[in-house]
Structures are given as C-alpha cells and as structure tokens.
Amino acid sequence: MSFKTIMFDLDGTLLPMDQDVFIKAYFTGLAVKLAPYDYEPKKLMETIYKGVYAMQVNDGSCNNEGAFWKLFTSVYGENAREHEPIFRDFYENEFQQVAKVCGFNPKAREIIDLCKAKGLRVVLATNPLFPSVATESRMRWAGLDKSDFEYFTVYENSSYCKPNPKYYHEILEKIGADPKDCAMVGNDVTEDMVTKELGMQVFLLTDDLINKNSEDISVYPNGSFEELKNWIEENA
C-alpha cells in the first residue's frame with residue numbers, strides 16, 4: 001500500500017543520539033544559564049521535569065507552551081515569564097553546544113531528498129516538548145532545515161504529545177491528510193509505532209532503538225537507513 005505523506009521523528013531518528021546523554025547535557029547547560037537569576041539547580045531541574053510531564057499529559061485545552069508555563073509559574077510565580085527571553089537566548093546560544101553529544105548521519109539528508117524526489121509530503125513529527133528555536137537548531141544539527149518539511153511540531157503549535165494518538169490526529173487535521181495515505185518513521189516503539197493503530201504505515205529505525213517495553217519489533221518493518229531507503233522505494 002503506497003503513501004503520499006511521510007512523517008519523521010527527529011531525536012534518535014534523523015538526529016542520532018543517546019537520549020539520556022542528550023538530556024543531561026541540555027539540562028546542565030540550562031541550569032548554568034539560569035543560575036545567575038536565582039534558580040537553584042536542583043529545584044529548577046525538578047520543575048523542568050514537572051513542566052515536561054505537564055506537556056505530556058496535556059488534554060488539549062491549551063498548547064504545550066501554555067501547559068509548560070502554567071506549571072513553571074505555579075512554582076516560581078508569574079514574574080518568571082519575564083525570563084522567557086533568557087530561555088530563548090539559551091536556545092540560540094549555549095544550547096548549540098549540546099550538538100557535541102549528538103551524532104550525525106548524512107543518510108538523513110539522503111532520505112529526505114529521496115522523499116522529496118518522489119513527490120511525498122514530508123512532515124517532522126518530533127515530540128513537541130521544545131520551542132521552535134530549539135527544534136530548528138536540532139534540525140540543523142542533523143544537516144536539515146525547516147524548509148525541508150511542510151510542517152513540523154513544536155510546543156507552540158501542538159496541544160498533545162507522543163504517544164497520545166491525539167498528537168498525530170492534530171497533525172493530520174492541520175495538514176489535511178488521511179492516515180491511510182501516511183507513513184511514520186521513528187526509533188521509539190511506544191511513541192512512534194502507535195501510528196499503526198491509526199491506520200498509518202510505519203517503519204522502525206533501529207540505529208538508536210528505544211523499546212522500553214521490550215516489544216517484539218518483528219511486527220514492524222524495521223532496520224537501518226539502508227533498509228528504510230529500500231522500504232520507501234518499494235512503498236512510496
């Protein structure tokens with residue numbers, strides 16, 4: 001069954017990484033950035049984690065940005081919103097150093113170019129826990145650019161998170177696509193392969209596989225970038 005639209009995860013898929021190493025480098029840098037503004041590191045990290053959880057369980061009543069800042073200001077007060085420019089400055093500057101703990105695979109560029117050459121609609125379906133400025137940075141680390149995608153998810157334009165099926169429904173609604181005409185490529189069994197239940201085709205990239213529940217991955221088309229390339233050639 002062929003597809004017209006293909007969605008890609010970013011972290012661990014188009015951008016190789018060890019998620020735990022990435023998060024440690026990211027949070028450490030943020031703590032250093034905010035320390036001069038009286039954010040005690042331990043409390044800050046606990047609050048960031050709570051903010052991430054607030055986005056993960058967002059019920060769609062606001063976007064993920066709103067869910068995060070509602071939690072953050074409940075801890076630090078409404079005046080904390082005045083520090084948003086400092087967060088943005090961090091993502092524009094210090095955050096770029098986190099690229100050093102990520103990998104790079106030129107085949108990511110090749111795969112995106114292949115999809116475009118085949119006339120596919122290409123979407124970046126990365127878990128929308130980051131502001132656009134941070135997601136655009138991670139695209140560049142992967143050798144890509146926002147112009148490579150018709151649509152990409154960030155915390156400003158999303159009201160749900162993976163693996164909530166409503167996250168994917170929201171994308172489909174915004175781009176006007178039928179799940180039967182779509183495919184999803186990702187490295188996380190729980191977060192990305194849930195799209196199969198929506199009627200989408202799936203491919204599990206195994207280079208940086210995340211399989212928290214030790215599921216049988218043989219039920220999904222899977223493999224490295226080379227297998228992914230062949231799969232797209234055969235199905236798109």
# chains A, B, ... in the order shown; residues from 1 in each chain; ligands from 1
>>> select_by_dssp(residues="stretch 104-201 of chain A", states="strand (DSSP E)", output="PyMOL selection string")
chain A and resi 121-124+151-152+182-186+201
>>> select_by_dssp(residues="stretch 19-220 of chain A", states="alpha helix (DSSP H)", output="VMD selection string")
chain A and resid 19 to 34 41 to 56 64 to 76 84 to 92 107 to 117 132 to 141 165 to 175 189 to 192
>>> residues_around(residues="stretch 158-166 of chain A", least_positions_apart="4", cutoff="10 Å", atoms="only C-alpha atoms", output="PyMOL selection string")
chain A and resi 52-67+125-129+152-154+170-172+188-195+197-198
>>> write_last_selection(atoms="C-alpha atoms", output="short mmCIF file (atom, residue, chain, number, x, y, z; two decimals), in the first residue's frame")
data_model
loop_
_atom_site.label_atom_id
_atom_site.label_comp_id
_atom_site.auth_asym_id
_atom_site.auth_seq_id
_atom_site.Cartn_x
_atom_site.Cartn_y
_atom_site.Cartn_z
CA VAL A 52 7.68 18.29 30.63
CA TYR A 53 5.17 15.99 32.32
CA ALA A 54 2.52 18.72 32.15
CA MET A 55 3.03 18.81 28.37
CA GLN A 56 2.98 15.02 28.10
CA VAL A 57 -0.43 14.83 29.79
CA ASN A 58 -1.82 17.96 28.14
CA ASP A 59 -5.52 17.45 27.43
CA GLY A 60 -5.63 19.88 24.52
CA SER A 61 -7.19 22.74 26.49
CA CYS A 62 -4.11 24.84 25.65
CA ASN A 63 -0.96 24.42 23.60
CA ASN A 64 2.08 22.74 25.12
CA GLU A 65 3.80 26.08 25.63
CA GLY A 66 0.89 27.16 27.81
CA ALA A 67 0.93 23.88 29.73
CA ALA A 125 6.75 14.72 13.83
CA THR A 126 9.12 15.30 16.73
CA ASN A 127 7.71 15.21 20.25
CA PRO A 128 6.67 18.86 20.78
CA LEU A 129 8.42 19.48 24.10
CA PHE A 152 6.95 20.42 11.98
CA THR A 153 5.70 20.16 15.53
CA VAL A 154 6.92 22.37 18.37
CA GLU A 170 -3.76 17.02 15.34
CA ILE A 171 -1.02 16.86 12.69
CA LEU A 172 -3.30 15.07 10.23
CA ASP A 188 10.74 4.65 19.57
CA VAL A 189 8.39 1.67 19.61
CA THR A 190 5.95 3.21 22.09
CA GLU A 191 5.92 6.78 20.81
CA ASP A 192 6.16 6.28 17.04
CA MET A 193 4.69 2.88 16.22
CA VAL A 194 1.36 3.82 17.84
CA THR A 195 0.56 5.38 14.46
CA GLU A 197 -3.21 1.82 15.20
CA LEU A 198 -4.40 4.92 13.32
#
>>> residues_around(residues="A:Lys100", least_positions_apart="5", cutoff="10 Å", atoms="only C-alpha atoms", output="ChimeraX atom specification")
/A:22,25,141
>>> atom_distance(atom1="atom CA of A:Pro179", atom2="atom CA of A:Gln201")
8.4 Å
